[in-house]
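Peer 1: Okay, here's the structure, questions in a sec.
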Amino acid sequence: MKICVLSRGPTLYSTSRIAHAGRRRQHDVRVVDPYNALIGTLDFGLALAHPIVDLASIDVVIPRVGASAMPFGLPVVEQFELLGIPVLNGREAFEVARNKILASQVLTAAGLPVPRTLALHNPEQVD
């Protein structure tokens, strides 16, 4: 299986451990910096390219995109999804994980226990 680990830092502990575990299981694992990807909409449809890795041949994507890389990393994740390439923890998961209020709402709606949480815009509403 061809696995793309989407990460700005190939030497980061979590990224390198994922890549190592995949290779140990005989998978072809490529760590790809989302900033080196090209995404676009062209006359023939969606485009996704990289100067070294053939992204069209990827079987699954494991995003490890941190907050600093989110402005371009998230659209790259979305492009994989739109092209039908399976993404572990896709765009929607990133949105939920980065928003504490939304995460509480989603977990509560799924029937999971969460700490009591209140959100308000006006501090005068605290009472």
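As shown in the structure tokens, the chain order sets the letters A, B, ...; within each chain, residues go from 1, and ligands are also counted from 1 in the order they appear.
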Which residues are near stretch 106-115 of chain A? Cut-off 12 Å, only C-alpha atoms, ignore same chain within fewer than 2 positions. Put them as a PyMOL selection string.

Peer 2: chain A and resi 92-93+95-97+99-104+117-118

Peer 1: Determine which residues of stretch 40-122 of chain A receive a DSSP assignment of strand (DSSP E), computed from the backbone, and state them as a ChimeraX atom specification.

Peer 2: /A:40-42,45-49,60-64

Peer 1: Once you have the residues from the selection above, write them out as a PDB file, in the first residue's frame, restricted to N, CA and C atoms.

Peer 2:
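Saved the output as selection.pdb:
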```pdb
ATOM      1  N   GLY A  40      -5.098  22.455  -7.554  1.00  0.00           N
ATOM      2  CA  GLY A  40      -5.767  23.410  -8.423  1.00  0.00           C
ATOM      3  C   GLY A  40      -7.004  22.838  -9.065  1.00  0.00           C
ATOM      4  N   THR A  41      -7.710  23.718  -9.711  1.00  0.00           N
ATOM      5  CA  THR A  41      -8.861  23.341 -10.521  1.00  0.00           C
ATOM      6  C   THR A  41      -8.529  23.763 -11.940  1.00  0.00           C
ATOM      7  N   LEU A  42      -8.490  22.789 -12.824  1.00  0.00           N
ATOM      8  CA  LEU A  42      -8.106  23.042 -14.208  1.00  0.00           C
ATOM      9  C   LEU A  42      -9.238  22.640 -15.138  1.00  0.00           C
ATOM     10  N   GLY A  45     -10.387  19.174 -14.583  1.00  0.00           N
ATOM     11  CA  GLY A  45     -10.859  18.818 -13.245  1.00  0.00           C
ATOM     12  C   GLY A  45      -9.861  19.229 -12.179  1.00  0.00           C
ATOM     13  N   LEU A  46      -9.880  18.506 -11.066  1.00  0.00           N
ATOM     14  CA  LEU A  46      -9.002  18.813  -9.942  1.00  0.00           C
ATOM     15  C   LEU A  46      -7.583  18.340 -10.214  1.00  0.00           C
ATOM     16  N   ALA A  47      -6.622  19.147  -9.811  1.00  0.00           N
ATOM     17  CA  ALA A  47      -5.215  18.792  -9.990  1.00  0.00           C
ATOM     18  C   ALA A  47      -4.546  18.678  -8.629  1.00  0.00           C
ATOM     19  N   LEU A  48      -3.669  17.694  -8.525  1.00  0.00           N
ATOM     20  CA  LEU A  48      -2.891  17.475  -7.321  1.00  0.00           C
ATOM     21  C   LEU A  48      -1.541  16.938  -7.757  1.00  0.00           C
ATOM     22  N   ALA A  49      -0.466  17.653  -7.426  1.00  0.00           N
ATOM     23  CA  ALA A  49       0.861  17.236  -7.882  1.00  0.00           C
ATOM     24  C   ALA A  49       1.909  17.558  -6.826  1.00  0.00           C
ATOM     25  N   VAL A  60      -3.707   5.983   0.560  1.00  0.00           N
ATOM     26  CA  VAL A  60      -4.302   6.579   1.758  1.00  0.00           C
ATOM     27  C   VAL A  60      -3.393   7.691   2.267  1.00  0.00           C
ATOM     28  N   VAL A  61      -4.009   8.702   2.895  1.00  0.00           N
ATOM     29  CA  VAL A  61      -3.278   9.840   3.426  1.00  0.00           C
ATOM     30  C   VAL A  61      -3.451   9.897   4.940  1.00  0.00           C
ATOM     31  N   ILE A  62      -2.330  10.101   5.638  1.00  0.00           N
ATOM     32  CA  ILE A  62      -2.367  10.309   7.080  1.00  0.00           C
ATOM     33  C   ILE A  62      -1.871  11.734   7.331  1.00  0.00           C
ATOM     34  N   PRO A  63      -2.791  12.672   7.581  1.00  0.00           N
ATOM     35  CA  PRO A  63      -2.367  14.052   7.807  1.00  0.00           C
ATOM     36  C   PRO A  63      -1.748  14.236   9.193  1.00  0.00           C
ATOM     37  N   ARG A  64      -0.651  14.948   9.241  1.00  0.00           N
ATOM     38  CA  ARG A  64      -0.007  15.374  10.490  1.00  0.00           C
ATOM     39  C   ARG A  64       0.255  16.865  10.321  1.00  0.00           C
TER      40      ARG A  64
END
```

Peer 1: For atom CA of A:Leu55 and atom CA of A:Arg98, quote the distance in Å rounded to one decimal.

Peer 2: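 So the two atoms, atom CA of A:Leu55 and atom CA of A:Arg98, lie 26.4 Å apart.
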
Peer 1: Tell me which protein, DNA and RNA residues are within 7 Å of A:Pro10, counting only C-alpha atoms, leaving out same-chain ones fewer than 4 positions away, and put them as a list in words.

Peer 2: Thr15, Ser16 and Val31 of chain A

Peer 1: If you run DSSP on the backbone, which residues of chain A are helix (DSSP H, G or I), as a ChimeraX atom specification?

Peer 2: /A:13-24,34-36,55-57,67-82,91-97,100-109,123-125

Peer 1: Write out as number ranges by chain the residues lying within 9 Å of A:Met1, counting only C-alpha atoms and excluding same-chain residues fewer than 3 positions away.

Peer 2: A: 26-29, 58-60

Peer 1: Take the residues that were just selected and, keeping N, CA and C atoms, output them as a PDB file, in the first residue's frame.

Peer 2:
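The result, stored in result01.pdb:
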```pdb
ATOM      1  N   GLN A  26       5.954  -3.276   5.521  1.00  0.00           N
ATOM      2  CA  GLN A  26       6.199  -3.404   4.077  1.00  0.00           C
ATOM      3  C   GLN A  26       5.362  -2.458   3.217  1.00  0.00           C
ATOM      4  N   HIS A  27       4.892  -1.344   3.771  1.00  0.00           N
ATOM      5  CA  HIS A  27       4.168  -0.353   2.984  1.00  0.00           C
ATOM      6  C   HIS A  27       5.164   0.656   2.409  1.00  0.00           C
ATOM      7  N   ASP A  28       4.798   1.238   1.286  1.00  0.00           N
ATOM      8  CA  ASP A  28       5.576   2.307   0.665  1.00  0.00           C
ATOM      9  C   ASP A  28       5.085   3.617   1.286  1.00  0.00           C
ATOM     10  N   VAL A  29       5.856   4.168   2.230  1.00  0.00           N
ATOM     11  CA  VAL A  29       5.445   5.367   2.962  1.00  0.00           C
ATOM     12  C   VAL A  29       6.251   6.562   2.482  1.00  0.00           C
ATOM     13  N   ILE A  58      -1.248   7.450  -4.623  1.00  0.00           N
ATOM     14  CA  ILE A  58      -1.364   7.241  -3.175  1.00  0.00           C
ATOM     15  C   ILE A  58      -2.656   6.494  -2.865  1.00  0.00           C
ATOM     16  N   ASP A  59      -2.567   5.532  -1.945  1.00  0.00           N
ATOM     17  CA  ASP A  59      -3.745   4.757  -1.538  1.00  0.00           C
ATOM     18  C   ASP A  59      -4.464   5.367  -0.340  1.00  0.00           C
ATOM     19  N   VAL A  60      -3.707   5.983   0.560  1.00  0.00           N
ATOM     20  CA  VAL A  60      -4.302   6.579   1.758  1.00  0.00           C
ATOM     21  C   VAL A  60      -3.393   7.691   2.267  1.00  0.00           C
TER      22      VAL A  60
END
```

Peer 1: I want to know what sits within 9 Å of A:His50, based on only C-alpha atoms, with residues of the same chain fewer than 5 positions away left out; could you give that as a list of chain:residue names?

Peer 2: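 Once the adjacent positions are removed, what remains is A:Val32, A:Pro34, A:Asn36, A:Ala37, A:Leu38, A:Ile39, A:Leu55.
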
Peer 1: May I have the residues within 12 Å of A:Pro71 as a ChimeraX atom specification, using only C-alpha atoms and disregarding those fewer than 4 positions away in the same chain?

Peer 2: /A:34-35,65-67,75-78,91,94
